[in-house]
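Asker: This structure is in structure tokens; I'll ask about it shortly.
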Amino acid sequence: MISRPSPPELIGQSQVFLDALEHASNVAGVERPILIAGERGVGKELFAGRIHYLSPRWDRPLIKVNCAAMNEELLESELFGHEAGAFTGAAKRHVGRFERAEGGTLFLDEIASASLRVQEKLLRVIEYGEFERVGGEETLIADVRVVAAANADLRVRAREGTFRADLLDRLAFDVVAAPPLRDRRDDIALLAAHFANAMASELGVVFPGFTTQALAALNAHHWPGNVRELKNAAERAVFLWACAGGEERIAEIPIDPFKAAYGAAPKPAAPQTPPQEPETAAPVDTPINLRARLDELERDFVIAALVRHHGSQTRAAQDLSLSYDQIRGIIRKHDLAPKSLARPAN
């Protein structure tokens, strides 16, 4: 009897991470395509592995394809295979990933990079379980569960016409959101220690732990590269500490390996916002006597300022950014009596 292998190790204790883990576990048993959404470096491949090894297909192959690593022709050949002579250099038949994943799971990473032609063939095999090798005429049947991943918003790609909306509909039976590291800061120290321990073991040393200063630096970083970036930083810190013959706890975390060569990383450019349309003034009834309306506003502002300052023309002028002579001219123009506007001070 074959023992069921353990799912890939996904480490974390923050609630957002545990919720995503539970979501992946729940959809594992459903024989439907699943989409894993998340930024680069969040561990989408590990989530895919968890879905496979907790599914009824756990004892069948888990085949992985990085769609971004191949051009259109190569990706099509890798996915569906090709017949001998299908194109220059095709000396013999090539068995594609769908055939190799028979009965199991095919993980399509970075599926947003697939061309529309490849997307069309993917739709057919997901919808009907049928495909042909490149250059072949025989229709093959595939019993394969597809789990796809993307770091781009495929809804936006579908609206732009660069991703087929019907394929997105088929892939998104359910969407598992792999959270970015900045949303699970409770896990940073835990993950850093895990990676550091593994690196120390590889180097034949004992990991002494990180200082409070080092942990503060880890928590302060934004981690655009997510868990992958954290792994590199933790391993790099242990390596440099070991090279220096360190014995105390690790205090320095060289998060940016380019800093020594190029200086501090440039700040990201501020996002460009489209120019705003000028606000349109509210419509007014016409015709109007503009001069009379402006005189009325001028009189009202001066009266309000005089009331606020208990009839003091000097302070009212300052309030309205006017000179004393200017406010005196307005008072005479509108025949105002400042003393009558004064109110007792509280």
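Chain identifiers are assigned as A, B, and so on, following the order in which chains appear in the structure tokens; residues are numbered from 1 within each chain, and ligands are numbered from 1 in order of appearance.
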Considering only helix (DSSP H, G or I) as DSSP defines it on the backbone, what residues of segment 65-122 of chain A qualify? List them as a VMD selection string.
Answerer: chain A and resid 67 to 69 72 to 80 97 to 100 111 to 113 116 to 122
Asker: Would you export the selected residues with N, CA and C atoms as a tab-separated table (two decimals), in the first residue's frame, please?
Answerer:
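What follows is the written file result28.tsv:
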chain	number	residue	atom	x	y	z
A	67	CYS	N	4.77	28.88	-17.54
A	67	CYS	CA	4.38	29.40	-18.85
A	67	CYS	C	5.21	30.60	-19.27
A	68	ALA	N	5.76	31.34	-18.31
A	68	ALA	CA	6.53	32.54	-18.63
A	68	ALA	C	7.92	32.20	-19.13
A	69	ALA	N	8.35	30.96	-18.96
A	69	ALA	CA	9.72	30.59	-19.32
A	69	ALA	C	9.85	30.12	-20.77
A	72	GLU	N	5.75	30.94	-27.39
A	72	GLU	CA	4.49	30.31	-27.75
A	72	GLU	C	4.66	28.90	-28.31
A	73	GLU	N	5.59	28.74	-29.27
A	73	GLU	CA	5.77	27.45	-29.93
A	73	GLU	C	6.28	26.40	-28.95
A	74	LEU	N	7.26	26.78	-28.12
A	74	LEU	CA	7.81	25.81	-27.17
A	74	LEU	C	6.78	25.44	-26.11
A	75	LEU	N	6.03	26.41	-25.62
A	75	LEU	CA	5.02	26.12	-24.60
A	75	LEU	C	3.95	25.19	-25.16
A	76	GLU	N	3.52	25.44	-26.38
A	76	GLU	CA	2.50	24.58	-27.00
A	76	GLU	C	3.01	23.15	-27.12
A	77	SER	N	4.25	23.00	-27.54
A	77	SER	CA	4.85	21.67	-27.68
A	77	SER	C	5.01	21.00	-26.33
A	78	GLU	N	5.42	21.76	-25.31
A	78	GLU	CA	5.62	21.18	-23.99
A	78	GLU	C	4.30	20.75	-23.37
A	79	LEU	N	3.26	21.51	-23.59
A	79	LEU	CA	1.98	21.16	-23.00
A	79	LEU	C	1.31	19.99	-23.70
A	80	PHE	N	1.29	20.02	-25.03
A	80	PHE	CA	0.49	19.06	-25.78
A	80	PHE	C	1.32	18.02	-26.53
A	97	ARG	N	3.19	17.58	-21.47
A	97	ARG	CA	2.93	17.57	-20.03
A	97	ARG	C	1.53	17.04	-19.70
A	98	PHE	N	0.56	17.26	-20.58
A	98	PHE	CA	-0.77	16.72	-20.31
A	98	PHE	C	-0.75	15.19	-20.29
A	99	GLU	N	-0.02	14.61	-21.22
A	99	GLU	CA	0.09	13.15	-21.22
A	99	GLU	C	0.85	12.66	-20.00
A	100	ARG	N	1.90	13.36	-19.61
A	100	ARG	CA	2.69	12.94	-18.47
A	100	ARG	C	1.94	13.11	-17.15
A	111	ILE	N	0.26	31.70	-15.80
A	111	ILE	CA	-0.57	31.39	-16.97
A	111	ILE	C	-0.92	32.64	-17.77
A	112	ALA	N	-0.81	33.81	-17.15
A	112	ALA	CA	-1.09	35.05	-17.88
A	112	ALA	C	-0.14	35.24	-19.05
A	113	SER	N	1.02	34.55	-19.03
A	113	SER	CA	2.01	34.70	-20.09
A	113	SER	C	1.69	33.86	-21.33
A	116	LEU	N	-2.70	33.72	-26.77
A	116	LEU	CA	-4.12	33.44	-27.00
A	116	LEU	C	-4.31	32.10	-27.71
A	117	ARG	N	-3.38	31.73	-28.58
A	117	ARG	CA	-3.50	30.44	-29.26
A	117	ARG	C	-3.38	29.28	-28.28
A	118	VAL	N	-2.41	29.38	-27.38
A	118	VAL	CA	-2.25	28.34	-26.37
A	118	VAL	C	-3.45	28.35	-25.42
A	119	GLN	N	-3.94	29.53	-25.09
A	119	GLN	CA	-5.11	29.62	-24.22
A	119	GLN	C	-6.31	28.92	-24.84
A	120	GLU	N	-6.46	29.05	-26.15
A	120	GLU	CA	-7.59	28.39	-26.82
A	120	GLU	C	-7.49	26.88	-26.70
A	121	LYS	N	-6.30	26.34	-26.86
A	121	LYS	CA	-6.11	24.89	-26.73
A	121	LYS	C	-6.28	24.45	-25.28
A	122	LEU	N	-5.86	25.28	-24.35
A	122	LEU	CA	-6.07	24.96	-22.93
A	122	LEU	C	-7.56	24.91	-22.60
Asker: Could you pull out the residues in segment 84-192 of chain A that DSSP calls strand (DSSP E) from the backbone, as a ChimeraX atom specification?
Answerer: /A:105-109,130-131,140-141,145-150,175-177
Asker: Which polymer residues have any atom within 6 Å of an atom of Gly38 of chain A, counting only C-alpha atoms, with same-chain residues fewer than 2 positions away left out, as a ChimeraX atom specification?
Answerer: /A:151,177-178
Asker: Just to be explicit: take each residue in the selection above, keep N, CA and C atoms, and write the result as a compact mmCIF listing (two decimals), in the first residue's frame.
Answerer:
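Below you can see selection08.txt, which holds the result:
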# COMPACT_ATOMS: atom_id res chain seq x y z
N ASN A 151 0.25 36.08 -11.14
CA ASN A 151 0.49 37.24 -10.28
C ASN A 151 -0.11 38.50 -10.89
N ALA A 177 -6.37 32.86 -2.69
CA ALA A 177 -5.51 34.06 -2.61
C ALA A 177 -4.34 33.78 -1.68
N ALA A 178 -3.14 33.70 -2.24
CA ALA A 178 -1.92 33.53 -1.44
C ALA A 178 -1.49 34.90 -0.94
Asker: If you measure from atom CA of Thr105 of chain A to atom CA of Asn226 of chain A, what distance in Å do you get, rounded to one decimal?
Answerer: 25.8 Å
Asker: Determine the nearest neighbour of Gly41 of chain A from the options A:Lys333, A:Arg299, A:Arg182, A:Arg315, counting only C-alpha atoms.
Answerer: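 Comparing A:Lys333, A:Arg299, A:Arg182, A:Arg315 against Gly41 of chain A, the winner is A:Arg182.
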Asker: Under the rule that only C-alpha atoms are counted, which of A:His94, A:Arg184, A:His309, A:Arg32 is the nearest residue to Asp169 of chain A?
Answerer: A:Arg32
